[in-house]
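Note sheet for the following structure.
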Amino acid sequence: MKVIREWKTMLVPYEQAVEELKVKFKSIRNQYRELNEYSPIEFVTGHVKKISSIIEKAERRNIPMERIEEEMEDIAGIRIMCQFIDDIYRVVELIHDRSGKDFTVLYEKDYIKYPKESGYKSYHIIVCYPVHTALGTQEILAEFQIRTLAMNFWATIEHSLSYKYKSQIPPNIKERLRNSAMAAQQLDEEMTEISKEVINAQLMFEEKSNTVRDI
Ligand code: 0O2
């Protein structure tokens, strides 16, 4: 059984990884903004799982304490929020392009095409990330969760409700949560439609202005 001090030491590289990865994704977003281009990344957050959550998950998944670092892939978590669903897949491509350089993509789970039973949607990518510390290089696992603002809104509230109910959410509440996940999906779809119409209207306006200028 690890004592608190050992847990804290174990988590140091995970904290470093989260800080470094946040900087990397935030700088991608800033580069788009500096070029006056639309950024598929709206904002980025990151966190290291709490010791109590690591222990709870290890017990639930029957992971022996000495195998936690090899088997628990989301001790270091990065969340990338996007405006539109299409942006999620652009970010996935960006991550694939960087695989083998900053980190290596191990596998991914598309909970957007295949939502979880709860209604949860997000695109998850598990990577192996080398952390360079004073004691040498350590390769750790990290999870990227890529989602829209609406998916994040739903997941944040559902997560805190699950925590309050200690995962014993009554069936009628589960049903309402699934319905609200569908409402979030409709919101995402409607926003995509609106954005396409605005872009088309803008293109038509620009074409007309160019024609008038040419006459
Ligand atoms: P936290 O507090 O977010 O760090 P599992 O066995 O389902 O716990 P698994 O199979 O290792 O997890 O991976 P999965 O299903 O891809 O989920 C990993 C993370 O995705 C979870 O981390 C959540 O952040 C998020 N997630 C997955 N399912 C749901 C869901 O139904 N609702 C919400 N709100 N989030 C979900 P943790 O472990 O919950 O911890």
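Numbering starts fresh at 1 for the residues of each chain in the structure tokens, the chains themselves are lettered A, B, ... in the order given, and ligands are numbered from 1 as they appear.
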Please give me, as a VMD selection string, the residues lying within 8 Å of ligand 1 when counting only C-alpha atoms and all ligand atoms.
chain A and resid 47 to 50 53 to 54 57 60 to 61 72 to 75 77 109 116 to 122 124 145 154 to 160 162
Those selected residues, please, written with N, CA and C atoms and delivered as a compact mmCIF listing (two decimals), in the first residue's frame.
# COMPACT_ATOMS: atom_id res chain seq x y z
N HIS A 47 -5.99 18.19 -16.18
CA HIS A 47 -5.94 17.85 -14.76
C HIS A 47 -5.30 16.48 -14.51
N VAL A 48 -4.78 16.36 -13.29
CA VAL A 48 -4.23 15.07 -12.86
C VAL A 48 -5.27 14.48 -11.92
N LYS A 49 -5.59 13.21 -12.14
CA LYS A 49 -6.62 12.55 -11.31
C LYS A 49 -6.25 12.61 -9.83
N LYS A 50 -7.28 12.78 -9.00
CA LYS A 50 -7.03 12.81 -7.55
C LYS A 50 -6.63 11.40 -7.09
N SER A 53 -9.52 9.16 -6.53
CA SER A 53 -10.17 8.67 -7.76
C SER A 53 -9.34 7.57 -8.41
N ILE A 54 -7.99 7.69 -8.30
CA ILE A 54 -7.12 6.64 -8.88
C ILE A 54 -7.38 5.32 -8.14
N LYS A 57 -10.85 3.92 -9.01
CA LYS A 57 -10.90 3.34 -10.36
C LYS A 57 -10.11 2.02 -10.42
N ARG A 60 -12.26 -0.61 -8.92
CA ARG A 60 -13.40 -0.93 -9.80
C ARG A 60 -12.96 -1.74 -11.00
N ARG A 61 -11.76 -1.44 -11.53
CA ARG A 61 -11.29 -2.13 -12.74
C ARG A 61 -10.34 -3.30 -12.42
N MET A 72 -3.65 2.42 -16.20
CA MET A 72 -4.64 3.51 -16.09
C MET A 72 -4.20 4.65 -17.02
N GLU A 73 -5.00 4.83 -18.10
CA GLU A 73 -4.50 5.73 -19.13
C GLU A 73 -4.92 7.19 -18.94
N ASP A 74 -5.76 7.45 -17.91
CA ASP A 74 -6.24 8.83 -17.79
C ASP A 74 -5.84 9.51 -16.47
N ILE A 75 -4.67 9.14 -15.94
CA ILE A 75 -4.20 9.86 -14.73
C ILE A 75 -3.88 11.30 -15.15
N GLY A 77 -4.94 14.03 -17.77
CA GLY A 77 -6.02 14.28 -18.73
C GLY A 77 -5.97 15.68 -19.30
N LYS A 109 -10.89 6.38 -28.93
CA LYS A 109 -12.27 5.92 -28.75
C LYS A 109 -13.17 7.05 -29.23
N LYS A 116 -21.63 6.79 -25.24
CA LYS A 116 -21.78 5.83 -24.14
C LYS A 116 -23.25 5.74 -23.74
N GLU A 117 -23.59 4.71 -23.01
CA GLU A 117 -24.98 4.48 -22.64
C GLU A 117 -25.57 5.66 -21.87
N SER A 118 -24.70 6.35 -21.11
CA SER A 118 -25.15 7.51 -20.33
C SER A 118 -25.59 8.67 -21.23
N GLY A 119 -25.11 8.66 -22.50
CA GLY A 119 -25.35 9.78 -23.40
C GLY A 119 -24.05 10.55 -23.64
N TYR A 120 -22.99 10.15 -22.91
CA TYR A 120 -21.69 10.83 -22.99
C TYR A 120 -21.09 10.81 -24.40
N LYS A 121 -20.62 12.00 -24.82
CA LYS A 121 -19.95 12.11 -26.12
C LYS A 121 -18.64 12.86 -25.97
N SER A 122 -17.64 12.40 -26.65
CA SER A 122 -16.30 13.02 -26.68
C SER A 122 -15.45 12.13 -27.56
N HIS A 124 -11.83 10.43 -27.54
CA HIS A 124 -10.69 10.21 -26.64
C HIS A 124 -9.49 9.67 -27.41
N GLN A 145 -9.21 14.39 -24.28
CA GLN A 145 -10.67 14.32 -24.52
C GLN A 145 -11.01 15.53 -25.37
N TRP A 154 -22.63 19.33 -20.95
CA TRP A 154 -23.38 18.15 -20.50
C TRP A 154 -22.51 17.28 -19.59
N ALA A 155 -21.28 16.98 -20.07
CA ALA A 155 -20.42 16.04 -19.33
C ALA A 155 -20.04 16.59 -17.95
N THR A 156 -19.83 17.91 -17.88
CA THR A 156 -19.43 18.51 -16.60
C THR A 156 -20.55 18.35 -15.57
N ILE A 157 -21.77 18.65 -15.99
CA ILE A 157 -22.89 18.58 -15.04
C ILE A 157 -23.21 17.11 -14.72
N GLU A 158 -23.20 16.25 -15.73
CA GLU A 158 -23.50 14.83 -15.50
C GLU A 158 -22.46 14.22 -14.56
N HIS A 159 -21.19 14.62 -14.72
CA HIS A 159 -20.12 14.09 -13.88
C HIS A 159 -20.35 14.51 -12.43
N SER A 160 -20.72 15.79 -12.22
CA SER A 160 -20.89 16.22 -10.83
C SER A 160 -22.14 15.58 -10.22
N SER A 162 -23.28 12.53 -11.04
CA SER A 162 -22.90 11.13 -10.78
C SER A 162 -22.12 11.06 -9.48
In terms of only C-alpha atoms, the residue from A:Ile68, A:Ile146, A:Ala58, A:Ala76 at minimal distance from Phe25 (chain A) is A:Ile146
Based on the backbone DSSP call, show me all residues of chain A assigned alpha helix (DSSP H), as a VMD selection string.
chain A and resid 4 to 34 51 to 60 68 to 71 85 to 98 149 to 164 171 to 214
How would the residues just picked look written out with C-alpha atoms as a compact mmCIF listing (two decimals), in the first residue's frame?
# COMPACT_ATOMS: atom_id res chain seq x y z
CA ILE A 4 0.62 9.69 0.53
CA ARG A 5 4.22 10.80 -0.02
CA GLU A 6 4.77 7.95 -2.52
CA TRP A 7 1.58 8.84 -4.39
CA LYS A 8 2.67 12.48 -4.60
CA THR A 9 6.09 11.46 -5.95
CA MET A 10 4.45 9.16 -8.50
CA LEU A 11 2.19 11.99 -9.69
CA VAL A 12 5.00 14.55 -10.26
CA PRO A 13 5.68 13.54 -13.91
CA TYR A 14 1.92 13.50 -14.59
CA GLU A 15 1.63 17.08 -13.34
CA GLN A 16 4.57 18.09 -15.53
CA ALA A 17 3.02 16.32 -18.54
CA VAL A 18 -0.33 18.09 -18.08
CA GLU A 19 1.37 21.50 -17.84
CA GLU A 20 3.52 20.85 -20.94
CA LEU A 21 0.65 19.47 -23.02
CA LYS A 22 -1.61 22.39 -22.09
CA VAL A 23 1.10 24.80 -23.32
CA LYS A 24 1.45 22.86 -26.60
CA PHE A 25 -2.28 22.94 -27.40
CA LYS A 26 -2.70 26.54 -26.24
CA SER A 27 0.13 27.61 -28.54
CA ILE A 28 -1.53 25.87 -31.51
CA ARG A 29 -4.67 27.93 -30.74
CA ASN A 30 -2.62 31.14 -30.38
CA GLN A 31 -0.82 30.51 -33.69
CA TYR A 32 -4.15 30.34 -35.53
CA ARG A 33 -5.24 33.57 -33.86
CA GLU A 34 -1.99 35.35 -34.74
CA ILE A 51 -5.36 10.02 -5.52
CA SER A 52 -8.79 8.93 -4.17
CA SER A 53 -10.17 8.67 -7.76
CA ILE A 54 -7.12 6.64 -8.88
CA ILE A 55 -7.63 4.19 -6.00
CA GLU A 56 -11.41 3.99 -6.63
CA LYS A 57 -10.90 3.34 -10.36
CA ALA A 58 -8.12 0.76 -9.73
CA GLU A 59 -10.44 -1.15 -7.38
CA ARG A 60 -13.40 -0.93 -9.80
CA ILE A 68 -1.61 1.43 -12.20
CA GLU A 69 0.89 3.40 -14.27
CA GLU A 70 0.83 0.84 -17.11
CA GLU A 71 -2.93 0.29 -17.13
CA ILE A 85 -18.23 18.87 -34.27
CA ASP A 86 -16.15 19.18 -37.49
CA ASP A 87 -13.47 20.99 -35.46
CA ILE A 88 -13.10 17.91 -33.25
CA TYR A 89 -12.01 15.86 -36.28
CA ARG A 90 -9.64 18.67 -37.37
CA VAL A 91 -8.04 18.53 -33.92
CA VAL A 92 -7.84 14.72 -34.16
CA GLU A 93 -5.93 15.17 -37.45
CA LEU A 94 -3.62 17.74 -35.85
CA ILE A 95 -2.87 15.24 -33.08
CA HIS A 96 -2.17 12.45 -35.59
CA ASP A 97 0.18 14.78 -37.48
CA ARG A 98 2.17 15.32 -34.29
CA LEU A 149 -18.69 23.25 -25.79
CA ALA A 150 -22.17 21.66 -25.62
CA MET A 151 -20.71 18.17 -24.99
CA ASN A 152 -18.52 19.67 -22.28
CA PHE A 153 -21.48 21.45 -20.67
CA TRP A 154 -23.38 18.15 -20.50
CA ALA A 155 -20.42 16.04 -19.33
CA THR A 156 -19.43 18.51 -16.60
CA ILE A 157 -22.89 18.58 -15.04
CA GLU A 158 -23.50 14.83 -15.50
CA HIS A 159 -20.12 14.09 -13.88
CA SER A 160 -20.89 16.22 -10.83
CA LEU A 161 -24.37 14.65 -10.51
CA SER A 162 -22.90 11.13 -10.78
CA TYR A 163 -20.44 12.07 -8.06
CA LYS A 164 -23.26 13.36 -5.82
CA PRO A 171 -33.49 5.54 -13.69
CA ASN A 172 -35.75 8.54 -14.38
CA ILE A 173 -32.82 10.94 -13.90
CA LYS A 174 -30.66 8.75 -16.18
CA GLU A 175 -33.35 8.99 -18.83
CA ARG A 176 -33.57 12.77 -18.49
CA LEU A 177 -29.79 13.02 -18.73
CA ARG A 178 -29.83 10.94 -21.93
CA ASN A 179 -32.53 13.27 -23.29
CA SER A 180 -30.48 16.32 -22.39
CA ALA A 181 -27.46 14.76 -24.16
CA MET A 182 -29.66 14.56 -27.26
CA ALA A 183 -30.66 18.21 -26.77
CA ALA A 184 -26.94 19.10 -26.61
CA GLN A 185 -26.44 17.19 -29.87
CA GLN A 186 -29.29 19.11 -31.52
CA LEU A 187 -27.72 22.35 -30.33
CA ASP A 188 -24.38 21.31 -31.88
CA GLU A 189 -26.09 20.42 -35.17
CA GLU A 190 -28.09 23.66 -35.27
CA MET A 191 -24.99 25.77 -34.54
CA THR A 192 -23.15 23.97 -37.38
CA GLU A 193 -26.04 24.75 -39.77
CA ILE A 194 -26.15 28.39 -38.70
CA SER A 195 -22.40 28.75 -39.11
CA LYS A 196 -22.54 27.23 -42.64
CA GLU A 197 -25.31 29.65 -43.62
CA VAL A 198 -23.40 32.64 -42.25
CA ILE A 199 -20.24 31.58 -44.15
CA ASN A 200 -22.22 31.07 -47.40
CA ALA A 201 -23.92 34.47 -47.03
CA GLN A 202 -20.53 36.07 -46.43
CA LEU A 203 -19.05 34.37 -49.55
CA MET A 204 -22.01 35.53 -51.68
CA PHE A 205 -21.63 39.07 -50.33
CA GLU A 206 -17.88 39.05 -51.15
CA GLU A 207 -18.55 37.70 -54.68
CA LYS A 208 -21.12 40.47 -55.29
CA SER A 209 -18.76 43.18 -54.01
CA ASN A 210 -15.98 41.85 -56.31
CA THR A 211 -18.35 41.87 -59.31
CA VAL A 212 -19.42 45.47 -58.61
CA ARG A 213 -15.74 46.49 -58.27
CA ASP A 214 -14.90 44.78 -61.65
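When CA of Glu42 (chain A) is paired with CA of Ile125 (chain A), their separation reads 17.9 Å.
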May I have all residues of region 45-178 of chain A that DSSP, computed from the backbone, assigns to strand (DSSP E), given as number ranges by chain?
A: 45-48, 76-82, 104-110, 123-133, 136-148
